[in-house]
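Structure file input_31.cif (mmCIF, C-alpha atoms) is printed below.
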```cif
data_query
#
loop_
_atom_site.label_atom_id
_atom_site.label_comp_id
_atom_site.auth_asym_id
_atom_site.auth_seq_id
_atom_site.Cartn_x
_atom_site.Cartn_y
_atom_site.Cartn_z
CA MET X 1 121.45 98.44 91.52
CA SER X 2 119.49 96.05 89.26
CA ASP X 3 116.13 97.01 87.74
CA ASN X 4 114.50 94.55 90.10
CA ASN X 5 115.98 96.23 93.15
CA LYS X 6 115.09 99.68 91.79
CA LYS X 7 111.49 98.54 91.84
CA HIS X 8 111.88 97.37 95.42
CA ALA X 9 113.45 100.65 96.53
CA SER X 10 110.81 102.77 94.78
CA THR X 11 109.84 106.15 96.20
CA PRO X 12 106.40 106.75 97.77
CA GLY X 13 105.44 108.64 94.59
CA LYS X 14 106.34 105.71 92.35
CA ARG X 15 104.52 103.29 94.68
CA PHE X 16 101.45 105.52 94.54
CA MET X 17 101.47 105.53 90.72
CA ARG X 18 102.00 101.77 90.52
CA LEU X 19 99.14 101.02 92.91
CA ALA X 20 96.89 103.64 91.29
CA GLY X 21 97.63 102.07 87.89
CA MET X 22 96.69 98.63 89.22
CA THR X 23 93.44 100.03 90.66
CA ALA X 24 92.53 101.75 87.37
CA SER X 25 93.22 98.57 85.39
CA ILE X 26 91.07 96.48 87.77
CA THR X 27 88.24 99.04 87.48
CA GLY X 28 88.41 98.69 83.67
CA LYS X 29 88.19 94.90 83.88
CA VAL X 30 85.17 95.12 86.22
CA MET X 31 83.38 97.58 83.91
CA SER X 32 84.10 95.42 80.87
CA ASN X 33 82.71 92.38 82.67
CA SER X 34 79.56 94.28 83.69
CA PHE X 35 78.85 94.98 80.01
CA LYS X 36 79.42 91.31 79.12
CA SER X 37 77.05 90.20 81.87
CA MET X 38 74.17 92.02 80.19
CA VAL X 39 73.98 89.21 77.64
CA GLY X 40 74.34 85.44 77.83
CA ASN X 41 72.87 82.80 80.09
CA ALA X 42 73.73 82.24 83.77
CA GLU X 43 76.49 79.75 82.97
CA GLU X 44 78.20 82.14 80.51
CA LYS X 45 77.96 85.00 83.03
CA ALA X 46 79.51 82.84 85.75
CA GLU X 47 82.34 81.82 83.39
CA ALA X 48 83.02 85.47 82.45
CA ARG X 49 83.08 86.47 86.13
CA SER X 50 85.47 83.61 86.99
CA GLN X 51 87.79 84.65 84.15
CA MET X 52 87.70 88.27 85.37
CA TYR X 53 88.60 87.20 88.93
CA THR X 54 91.49 85.08 87.60
CA GLU X 55 92.90 88.07 85.68
CA ILE X 56 92.46 90.42 88.64
CA GLY X 57 94.08 87.91 91.02
CA LYS X 58 97.13 87.56 88.77
CA GLN X 59 97.43 91.32 88.42
CA ILE X 60 97.26 91.93 92.18
CA ALA X 61 99.75 89.13 92.90
CA ASN X 62 102.22 90.29 90.21
CA THR X 63 102.06 93.95 91.25
CA LEU X 64 102.41 93.30 94.98
CA GLY X 65 105.08 90.64 94.41
CA GLU X 66 107.28 93.20 92.63
CA MET X 67 106.82 95.98 95.18
CA LYS X 68 107.98 94.50 98.49
CA GLY X 69 107.30 96.40 101.69
CA ALA X 70 104.02 96.95 103.46
CA VAL X 71 101.76 96.29 100.50
CA MET X 72 103.27 92.86 99.82
CA LYS X 73 102.96 92.03 103.51
CA VAL X 74 99.29 93.11 103.44
CA GLY X 75 98.79 90.89 100.39
CA GLN X 76 100.40 87.96 102.24
CA ILE X 77 98.12 88.49 105.24
CA ALA X 78 95.04 88.90 103.03
CA SER X 79 95.91 85.75 101.06
CA GLN X 80 95.52 83.72 104.26
CA TYR X 81 91.87 84.74 104.67
CA GLN X 82 90.64 82.80 101.71
CA ASP X 83 87.03 82.70 102.89
CA ILE X 84 86.56 86.40 102.08
CA PHE X 85 87.81 86.24 98.48
CA PRO X 86 86.63 84.39 95.37
CA PRO X 87 88.78 81.23 94.98
CA GLU X 88 90.43 82.57 91.79
CA ILE X 89 91.82 85.60 93.65
CA ALA X 90 92.74 83.68 96.80
CA GLU X 91 94.69 81.15 94.71
CA ALA X 92 96.60 83.84 92.80
CA MET X 93 97.57 85.65 96.00
CA THR X 94 99.09 82.54 97.61
CA LYS X 95 102.21 83.12 95.44
CA LEU X 96 102.95 86.12 97.70
CA GLN X 97 103.85 83.66 100.49
CA LYS X 98 107.11 82.78 98.71
CA GLU X 99 110.41 84.22 99.92
CA ALA X 100 111.27 87.59 98.40
CA PRO X 101 114.54 88.43 96.56
CA PRO X 102 117.04 90.20 98.85
CA MET X 103 117.98 93.89 99.01
CA PRO X 104 121.56 94.98 98.14
CA TYR X 105 123.93 94.90 101.12
CA SER X 106 124.59 98.65 100.78
CA VAL X 107 120.93 99.36 101.68
CA ILE X 108 121.14 97.06 104.73
CA GLU X 109 124.43 98.64 105.83
CA GLN X 110 122.94 102.15 105.70
CA GLN X 111 119.91 101.05 107.70
CA ILE X 112 122.14 99.59 110.45
CA ILE X 113 124.21 102.80 110.56
CA HIS X 114 120.99 104.82 110.86
CA GLU X 115 119.52 102.57 113.58
CA LEU X 116 122.55 101.44 115.61
CA GLY X 117 124.96 104.32 114.94
CA ALA X 118 127.81 102.31 113.37
CA LYS X 119 128.63 100.13 110.38
CA PRO X 120 127.94 96.39 110.77
CA ALA X 121 131.70 95.73 110.49
CA GLU X 122 132.26 97.98 113.53
CA LYS X 123 129.23 96.95 115.58
CA PHE X 124 129.74 93.19 115.13
CA ALA X 125 132.84 90.96 115.21
CA HIS X 126 131.52 89.38 112.01
CA PHE X 127 128.54 90.22 109.80
CA ASP X 128 127.60 88.02 106.85
CA GLU X 129 126.78 90.30 103.91
CA LYS X 130 124.77 87.56 102.23
CA PRO X 131 121.27 87.34 103.81
CA PHE X 132 120.22 84.23 105.67
CA ALA X 133 116.58 84.88 104.61
CA ALA X 134 114.64 87.64 102.85
CA ALA X 135 110.98 88.53 103.23
CA SER X 136 108.52 91.29 102.34
CA ILE X 137 109.47 93.90 104.96
CA GLY X 138 113.04 92.96 105.86
CA GLN X 139 115.81 90.39 105.73
CA VAL X 140 117.93 88.38 108.17
CA HIS X 141 121.74 88.15 108.34
CA ARG X 142 124.02 85.87 110.39
CA ALA X 143 126.53 87.69 112.62
CA ARG X 144 128.77 87.28 115.68
CA LEU X 145 129.09 89.65 118.63
CA HIS X 146 132.46 90.76 119.99
CA THR X 147 131.60 88.72 123.10
CA GLY X 148 131.47 85.59 120.93
CA GLU X 149 127.71 84.87 120.70
CA ASP X 150 126.36 83.79 117.31
CA VAL X 151 123.35 85.95 116.45
CA ILE X 152 120.91 86.70 113.65
CA VAL X 153 120.21 90.33 112.76
CA LYS X 154 116.79 91.17 111.33
CA VAL X 155 116.92 94.44 109.34
CA GLN X 156 113.80 96.23 108.12
CA TYR X 157 113.91 97.78 104.64
CA PRO X 158 114.06 101.60 104.67
CA GLY X 159 110.77 103.42 104.06
CA VAL X 160 108.48 100.43 104.63
CA ALA X 161 106.72 101.90 107.67
CA GLU X 162 106.23 105.27 105.94
CA CYS X 163 104.40 103.61 103.01
CA CYS X 164 102.23 101.44 105.26
CA GLU X 165 99.02 103.53 105.44
CA SER X 166 99.09 104.53 101.77
CA ASP X 167 99.78 100.98 100.58
CA LEU X 168 96.97 99.54 102.70
CA LYS X 169 94.50 102.19 101.51
CA HIS X 170 95.31 101.51 97.85
CA LEU X 171 95.06 97.75 98.13
CA ARG X 172 91.74 98.07 99.93
CA MET X 173 90.45 100.45 97.24
CA ALA X 174 91.51 98.05 94.47
CA LEU X 175 89.78 95.09 96.13
CA LYS X 176 86.66 97.17 96.83
CA LEU X 177 86.38 98.37 93.22
CA ALA X 178 86.82 94.81 92.03
CA GLY X 179 83.86 93.85 94.22
CA VAL X 180 85.75 90.84 95.53
CA ILE X 181 85.48 91.37 99.31
CA LYS X 182 82.26 89.60 100.24
CA LEU X 183 81.69 91.52 103.47
CA SER X 184 79.50 94.29 104.80
CA LYS X 185 81.08 97.76 105.03
CA GLU X 186 81.23 97.46 108.82
CA LEU X 187 82.98 94.09 108.68
CA GLN X 188 85.40 95.39 106.04
CA GLU X 189 86.33 98.18 108.47
CA GLN X 190 86.98 95.64 111.25
CA LEU X 191 88.93 93.32 108.95
CA PHE X 192 91.25 95.98 107.57
CA GLU X 193 91.73 97.51 111.02
CA GLU X 194 92.85 94.07 112.25
CA ILE X 195 95.26 93.79 109.28
CA ARG X 196 96.49 97.37 109.86
CA MET X 197 97.17 96.71 113.56
CA SER X 198 98.91 93.43 112.75
CA LEU X 199 101.08 95.17 110.16
CA HIS X 200 102.04 98.04 112.49
CA SER X 201 103.02 95.48 115.15
CA GLU X 202 105.20 93.59 112.68
CA LEU X 203 106.92 96.85 111.65
CA ASP X 204 107.91 97.68 115.25
CA TYR X 205 110.85 95.48 116.22
CA LEU X 206 110.84 96.85 119.79
CA GLU X 207 107.33 95.43 120.16
CA GLU X 208 108.53 92.12 118.71
CA ALA X 209 111.44 92.15 121.20
CA ALA X 210 108.94 92.57 124.05
CA ASN X 211 106.89 89.66 122.65
CA LEU X 212 110.00 87.47 122.48
CA ARG X 213 110.81 88.17 126.12
CA GLU X 214 107.21 87.49 127.22
CA PHE X 215 106.84 84.22 125.29
CA GLY X 216 110.39 83.17 126.24
CA GLU X 217 109.51 83.58 129.92
CA PHE X 218 106.17 81.79 129.46
CA HIS X 219 107.79 78.72 127.84
CA SER X 220 110.96 78.82 129.98
CA GLY X 221 109.90 75.77 132.00
CA ASP X 222 109.92 73.55 128.88
CA ASP X 223 113.42 72.73 127.64
CA LYS X 224 111.95 71.34 124.41
CA VAL X 225 110.62 74.79 123.37
CA ILE X 226 113.32 77.28 122.31
CA ILE X 227 112.61 80.98 121.74
CA PRO X 228 115.51 83.26 120.70
CA LYS X 229 116.89 85.75 123.24
CA VAL X 230 116.98 89.48 122.50
CA PHE X 231 120.25 91.49 122.59
CA ASP X 232 118.97 94.95 123.56
CA GLU X 233 122.20 96.82 122.81
CA PHE X 234 121.93 95.75 119.16
CA THR X 235 118.17 96.25 118.81
CA SER X 236 116.06 99.24 117.73
CA LYS X 237 112.68 99.87 116.11
CA ARG X 238 114.02 98.72 112.71
CA VAL X 239 116.86 96.30 113.68
CA LEU X 240 116.39 93.22 115.88
CA THR X 241 119.34 91.10 117.08
CA LEU X 242 118.61 87.66 118.50
CA SER X 243 120.53 84.59 119.64
CA TYR X 244 121.07 82.14 116.80
CA GLU X 245 118.96 79.06 117.51
CA GLY X 246 119.59 76.45 114.84
CA GLY X 247 117.44 73.58 113.70
CA ASP X 248 116.14 71.78 110.63
CA GLY X 249 113.43 73.15 108.36
CA LEU X 250 110.22 71.27 107.74
CA GLN X 251 111.55 69.61 104.58
CA ASP X 252 114.41 68.00 106.53
CA ALA X 253 112.29 67.21 109.60
CA LYS X 254 109.96 65.16 107.36
CA HIS X 255 112.71 62.54 107.26
CA TYR X 256 112.97 62.15 111.05
CA PRO X 257 111.82 58.80 112.55
CA SER X 258 108.05 58.67 113.04
CA HIS X 259 108.25 58.78 116.87
CA VAL X 260 110.24 62.05 116.69
CA ARG X 261 107.79 63.61 114.19
CA ASN X 262 104.90 62.58 116.45
CA GLU X 263 106.65 64.14 119.45
CA LEU X 264 107.16 67.37 117.48
CA GLY X 265 103.48 67.36 116.46
CA GLN X 266 102.46 66.97 120.09
CA LYS X 267 104.77 69.86 121.01
CA LEU X 268 103.23 72.11 118.32
CA PHE X 269 99.75 71.25 119.61
CA GLN X 270 100.78 71.81 123.24
CA VAL X 271 102.33 75.21 122.44
CA LEU X 272 99.18 76.28 120.56
CA CYS X 273 96.88 75.27 123.44
CA GLU X 274 99.15 76.71 126.17
CA GLN X 275 99.23 80.08 124.42
CA LEU X 276 95.53 80.10 123.53
CA TYR X 277 94.06 78.91 126.83
CA HIS X 278 96.67 79.93 129.44
CA LEU X 279 98.78 82.85 128.16
CA GLN X 280 95.82 84.18 126.15
CA ALA X 281 98.24 85.56 123.57
CA LEU X 282 98.95 83.66 120.38
CA HIS X 283 101.94 83.43 118.00
CA CYS X 284 99.76 83.72 114.89
CA ASP X 285 102.17 83.29 111.98
CA SER X 286 102.34 79.50 111.77
CA HIS X 287 104.12 79.55 108.38
CA PRO X 288 106.59 76.62 108.41
CA GLY X 289 109.51 79.04 107.95
CA ASN X 290 108.85 80.34 111.46
CA PHE X 291 109.72 76.99 113.06
CA ALA X 292 112.79 74.80 113.24
CA PHE X 293 112.99 71.23 114.47
CA ARG X 294 115.66 69.12 116.14
CA PRO X 295 116.08 65.32 116.14
CA ASP X 296 115.67 65.21 119.94
CA GLY X 297 112.07 66.53 119.64
CA THR X 298 112.92 70.18 120.35
CA LEU X 299 110.82 72.90 118.72
CA VAL X 300 112.35 76.32 117.88
CA ILE X 301 109.93 79.21 117.27
CA TYR X 302 110.89 82.35 115.33
CA ASP X 303 109.23 85.63 114.34
CA PHE X 304 107.05 87.11 117.06
CA GLY X 305 105.94 90.15 115.07
CA CYS X 306 102.43 88.76 114.62
CA VAL X 307 100.96 88.16 118.10
CA LYS X 308 97.24 88.30 118.88
CA ARG X 309 96.20 89.32 122.40
CA LEU X 310 93.00 87.48 123.31
CA ASN X 311 90.06 88.75 125.31
CA PRO X 312 89.41 86.24 128.15
CA LEU X 313 85.71 86.26 127.15
CA LEU X 314 86.68 85.19 123.62
CA VAL X 315 88.85 82.37 125.03
CA GLY X 316 85.84 81.24 127.10
CA GLU X 317 83.62 81.25 124.01
CA PHE X 318 86.21 79.19 122.12
CA LYS X 319 86.21 76.58 124.88
CA ARG X 320 82.41 76.51 124.85
CA LEU X 321 82.37 76.13 121.05
CA VAL X 322 84.85 73.22 120.97
CA LYS X 323 83.15 71.41 123.86
CA ALA X 324 79.75 71.71 122.17
CA ALA X 325 81.14 70.52 118.84
CA LEU X 326 82.84 67.52 120.46
CA HIS X 327 79.43 66.52 121.87
CA ASN X 328 77.65 67.19 118.53
CA ASP X 329 75.60 69.85 120.32
CA TYR X 330 74.71 71.85 117.21
CA ALA X 331 72.30 74.18 119.06
CA THR X 332 75.08 75.44 121.35
CA VAL X 333 77.46 75.63 118.39
CA GLU X 334 75.02 77.95 116.61
CA ALA X 335 74.47 80.01 119.79
CA VAL X 336 78.22 80.55 120.23
CA LEU X 337 78.65 81.41 116.54
CA ARG X 338 75.93 84.04 116.97
CA ASP X 339 77.71 85.44 120.05
CA LEU X 340 80.94 85.63 118.04
CA GLY X 341 79.15 87.42 115.19
CA ILE X 342 79.92 84.59 112.73
CA ARG X 343 76.30 83.40 112.45
CA THR X 344 74.38 86.43 111.20
CA HIS X 345 70.87 87.40 112.28
CA GLY X 346 69.77 87.40 108.65
CA GLY X 347 70.03 84.72 106.00
CA PRO X 348 68.22 81.40 105.75
CA GLU X 349 67.85 79.03 108.71
CA VAL X 350 70.67 76.50 108.97
CA PRO X 351 69.49 72.90 109.53
CA PRO X 352 71.10 70.76 112.29
CA GLU X 353 72.51 68.26 109.78
CA TYR X 354 74.49 71.05 108.10
CA TYR X 355 76.27 71.87 111.37
CA LEU X 356 76.80 68.18 112.13
CA GLU X 357 78.41 67.56 108.72
CA TRP X 358 80.90 70.40 109.28
CA ILE X 359 81.59 69.31 112.88
CA ASP X 360 82.29 65.78 111.62
CA ILE X 361 84.87 67.10 109.14
CA LEU X 362 86.60 69.83 111.15
CA LEU X 363 86.86 68.03 114.49
CA ASP X 364 88.06 64.69 113.16
CA PRO X 365 91.77 65.49 113.93
CA ILE X 366 91.06 66.43 117.58
CA ARG X 367 88.67 63.70 118.72
CA ASP X 368 89.83 61.14 121.32
CA LYS X 369 91.48 58.77 118.84
CA SER X 370 94.74 58.47 116.93
CA PHE X 371 94.69 60.62 113.78
CA ASP X 372 97.09 60.21 110.85
CA PHE X 373 97.73 63.68 109.38
CA ALA X 374 99.78 62.21 106.52
CA ARG X 375 96.58 60.61 105.20
CA SER X 376 94.25 63.45 106.24
CA LYS X 377 91.42 64.25 103.84
CA VAL X 378 90.09 67.15 105.95
CA HIS X 379 91.29 69.86 103.51
CA GLU X 380 89.80 67.94 100.56
CA GLN X 381 86.51 67.49 102.41
CA VAL X 382 86.42 71.20 103.26
CA LEU X 383 86.93 72.11 99.60
CA GLY X 384 84.27 69.64 98.54
CA LYS X 385 81.83 71.02 101.08
CA ALA X 386 82.62 74.69 100.38
CA LYS X 387 80.17 74.81 97.46
CA SER X 388 77.33 74.09 99.89
CA LEU X 389 78.15 77.37 101.63
CA ILE X 390 76.58 79.29 98.73
CA GLN X 391 73.04 78.47 99.82
CA TYR X 392 73.85 79.76 103.34
CA TRP X 393 76.07 82.65 102.18
CA ASP X 394 73.98 85.26 103.99
CA SER X 395 73.81 83.17 107.17
CA PHE X 396 77.52 83.40 108.01
CA GLN X 397 80.28 86.00 107.89
CA PRO X 398 83.98 86.04 108.87
CA SER X 399 84.88 87.49 112.27
CA ALA X 400 87.70 90.04 112.53
CA GLU X 401 88.16 88.98 116.16
CA THR X 402 88.82 85.31 115.33
CA MET X 403 90.57 85.48 111.95
CA MET X 404 94.10 85.57 113.42
CA ILE X 405 93.29 82.52 115.57
CA ASN X 406 91.97 80.71 112.49
CA ARG X 407 95.17 81.67 110.65
CA ALA X 408 97.29 80.07 113.40
CA ILE X 409 95.20 76.89 113.65
CA GLY X 410 95.03 76.44 109.86
CA GLY X 411 98.80 76.87 109.54
CA HIS X 412 99.47 74.29 112.26
CA TYR X 413 97.13 71.82 110.54
CA TRP X 414 99.33 72.02 107.42
CA ASN X 415 102.53 71.74 109.51
CA MET X 416 101.11 68.50 110.99
CA VAL X 417 100.20 67.21 107.51
CA HIS X 418 103.69 67.93 106.12
CA LEU X 419 105.39 66.41 109.18
CA GLY X 420 103.20 63.31 108.83
CA VAL X 421 102.18 63.40 112.50
CA HIS X 422 100.18 60.44 113.84
CA SER X 423 98.85 61.17 117.31
CA ASN X 424 95.84 61.49 119.64
CA PHE X 425 95.17 65.20 120.34
CA GLY X 426 91.73 64.59 121.87
CA ARG X 427 93.05 63.54 125.28
CA PRO X 428 95.38 66.55 125.88
CA LEU X 429 92.72 68.91 124.47
CA LEU X 430 90.18 67.80 127.11
CA GLY X 431 92.68 68.86 129.78
CA TYR X 432 92.75 72.41 128.40
CA LEU X 433 88.95 72.55 128.02
#
```

Encoding of this model in structure tokens:
Amino acid sequence: MSDNNKKHASTPGKRFMRLAGMTASITGKVMSNSFKSMVGNAEEKAEARSQMYTEIGKQIANTLGEMKGAVMKVGQIASQYQDIFPPEIAEAMTKLQKEAPPMPYSVIEQQIIHELGAKPAEKFAHFDEKPFAAASIGQVHRARLHTGEDVIVKVQYPGVAECCESDLKHLRMALKLAGVIKLSKELQEQLFEEIRMSLHSELDYLEEAANLREFGEFHSGDDKVIIPKVFDEFTSKRVLTLSYEGGDGLQDAKHYPSHVRNELGQKLFQVLCEQLYHLQALHCDSHPGNFAFRPDGTLVIYDFGCVKRLNPLLVGEFKRLVKAALHNDYATVEAVLRDLGIRTHGGPEVPPEYYLEWIDILLDPIRDKSFDFARSKVHEQVLGKAKSLIQYWDSFQPSAETMMINRAIGGHYWNMVHLGVHSNFGRPLLGYL
């Protein structure tokens, strides 16, 4: 086994020491910065703090990127909630989204023996030893059943679930000591509980199998939405066997004719709205790797480990929020944000024009007009406007209840941008509202 894979297969004790070492190093950097901040003007202090955050971000990303397992997955999830971290740390953690190097086949073989009771060569007519894809908590292999069906087999790395609680606790401690989570203690509890629940769900492949069956049934009336079928006999808590549903990745789909890309964009939007407003359960991991596209406008959806069940009251509040924003009704927007716990009861008053400026930016892609995502400036406008948040920092806070929804919507925005979709989403949206 290579040194790299030894790191990946590290024992709980070694993981503990590595995470504890990271935490101690971060604490040292924070203490050193606190001494520096005793001297110098405001600009020099801000520069020193920014440099400290850059160093801490790189250290967290490098450590988690080498470790695999639960802690890397937590880092990936955390990296998607960029509004709770300083930009230097959020930027460094985005590197955790990249595909991980694979585990040796011998490790995968042993896990299948443990979970399914036989070697892959015995259980399957063919099993490709080279992984089809590798991620933080497991990897995927192509295979064929003795009955002839082509399948993919998702195998979880050994020991990941056992390290979950310890890994999460250490990462939280490191971030807390660094002083980089800009949330109240109560909100931190809610946030990390949401991440913990999401992680436990992703680690239970039987739960994912149930999600696949539920969403497959829900979308069964649409032949342009494909969700893989579960093979129960070859599935356990740590191994998931699904029908192979092929398609092109986003990079290839970008070269489809414009009318096909527009149709795929409309399908992505329809699926998001159907799940949010009708099923009231959302496929939240809208990373482009979890979708495949076909030239006939068919959308294939993978990976149902991250599903958010929505309270009907929350869905109602979301409808109310979007309707109010579409009508530039800033007073109702603020009222709903207060009900959702996003607009705090403290902090300075927020003027109407501030709400209207944000509404103008964020709702531009879903108004009743044709919007060209290939030329979208929404993300640039958001970045440009983000600095203005500082003066209202105490007036708003993230919501643990809505962060998974925001993750899904934000990911789909980028999928639309990369596909170069040009469409009117305002008209179908009004139907759902």

*Could you check which of X:Gly420, X:Gly249, X:Gly148, X:Gly305 is closest to Ser376 of chain X, using all atoms listed in the file?*
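Nearest to Ser376 of chain X: X:Gly420.
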
*Quick one: which residues end up in the PyMOL selection byres ((chain X and resi 375) around 12) for this structure, as a PyMOL selection string?*
chain X and resi 365+371-374+376-380+414+416-422

*asked:* Applying 7 Å and all atoms listed in the file, which residues near Gly347 of chain X remain after dropping the ones on its own chain fewer than 6 positions away? List them as a VMD selection string.
replied: chain X and resid 392 394 to 395

_Interatomic distance, atom CA of Lys14 of chain X to atom CA of Cys306 of chain X (Å, one decimal)_ = 28.3 Å

*Could you name the residues that touch Ile301 of chain X at 8 Å or less, counting only C-alpha atoms, but leaving out those on the same chain fewer than 5 positions away, as a list in words?*
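The contact residues come out as Val225, Ile226, Ile227, Pro228, Asn290, Phe291 and Ala292 of chain X.
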
Could you write out as JSON the box around segment 391-396 of chain X (axis-aligned, all atoms listed in the file, 5 Å on each side), with centre and edge lengths in Å to one decimal?
```
{"center_x": 75.3, "center_y": 81.9, "center_z": 103.9, "size_x": 14.5, "size_y": 16.8, "size_z": 18.2}
```

*Could you write out as JSON, numbers by chain the residues that the PyMOL selection byres ((chain X and resi 277) around 10) matches in the shown file?*
{"X": [272, 273, 274, 275, 276, 278, 279, 280, 281, 282, 310, 312, 315, 316, 318, 319, 432, 433]}

*From the set X:Ala92, X:Leu199, X:Leu191, X:Leu212, which residue has the shortest atom-to-atom contact distance to Leu242 of chain X, counting only C-alpha atoms?*
X:Leu212

*For segment 338-344 of chain X, work out the shell of residues within 6 Å, counting all atoms listed in the file and skipping chain neighbours fewer than 3 positions away, then give it as a PyMOL selection string.*
chain X and resi 335+395-399

Store the residues picked out above in a file with C-alpha atoms, as a compact mmCIF listing (two decimals), in the coordinates of the input.
```txt
# COMPACT_ATOMS: atom_id res chain seq x y z
CA ALA X 335 74.47 80.01 119.79
CA SER X 395 73.81 83.17 107.17
CA PHE X 396 77.52 83.40 108.01
CA GLN X 397 80.28 86.00 107.89
CA PRO X 398 83.98 86.04 108.87
CA SER X 399 84.88 87.49 112.27
```

_Could you check the closest approach to Glu115 of chain X for each of X:Val230, X:Val239, X:Met173, X:Leu430 and tell me which residue wins, using all atoms listed in the file?_
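Using all atoms listed in the file, Glu115 of chain X sits closest to X:Val239.
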
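With atom CA of Thr235 of chain X on one side and atom CA of Arg142 of chain X on the other, the separation reads 14.6 Å.
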
*Would you mind reading off the distance between atom CA of Gln139 of chain X and atom CA of Gly216 of chain X, one decimal, in Å?*
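Separation of atom CA of Gln139 of chain X and atom CA of Gly216 of chain X: 22.4 Å.
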
_Distance criterion (all atoms listed in the file): nearest to Phe127 of chain X out of X:Thr241, X:Arg407, X:Tyr205, X:Glu214_ = X:Thr241

Find the residues of segment 293-356 of chain X that sit at most 12 Å from segment 361-364 of chain X; for each, write down the nearest two atoms and how far apart they are in Å, to one decimal. Count all atoms listed in the file. Sort by chain, then by number going up, and give it as JSON lines.
```
{"residue": "X:Leu321", "atom": "CA", "partner": "X:Leu363", "partner_atom": "CA", "distance": 11.3}
{"residue": "X:Val322", "atom": "CA", "partner": "X:Leu363", "partner_atom": "CA", "distance": 8.5}
{"residue": "X:Lys323", "atom": "CA", "partner": "X:Leu363", "partner_atom": "CA", "distance": 10.6}
{"residue": "X:Ala324", "atom": "CA", "partner": "X:Leu363", "partner_atom": "CA", "distance": 11.1}
{"residue": "X:Ala325", "atom": "CA", "partner": "X:Leu363", "partner_atom": "CA", "distance": 7.6}
{"residue": "X:Leu326", "atom": "CA", "partner": "X:Leu363", "partner_atom": "CA", "distance": 7.2}
{"residue": "X:His327", "atom": "CA", "partner": "X:Leu363", "partner_atom": "CA", "distance": 10.6}
{"residue": "X:Asn328", "atom": "CA", "partner": "X:Leu363", "partner_atom": "CA", "distance": 10.1}
{"residue": "X:Tyr354", "atom": "CA", "partner": "X:Ile361", "partner_atom": "CA", "distance": 11.2}
{"residue": "X:Tyr355", "atom": "CA", "partner": "X:Ile361", "partner_atom": "CA", "distance": 10.1}
{"residue": "X:Leu356", "atom": "CA", "partner": "X:Ile361", "partner_atom": "CA", "distance": 8.7}
```

*With all atoms listed in the file as the atoms that count, which of X:His200, X:Lys58, X:Arg261, X:Arg238 lies nearest to Val307 of chain X?*
X:His200

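In this comparison, which uses only C-alpha atoms, the residue of X:Ser258, X:Ile359, X:Ala408, X:Thr332 approaching Ser423 of chain X most closely is X:Ser258.
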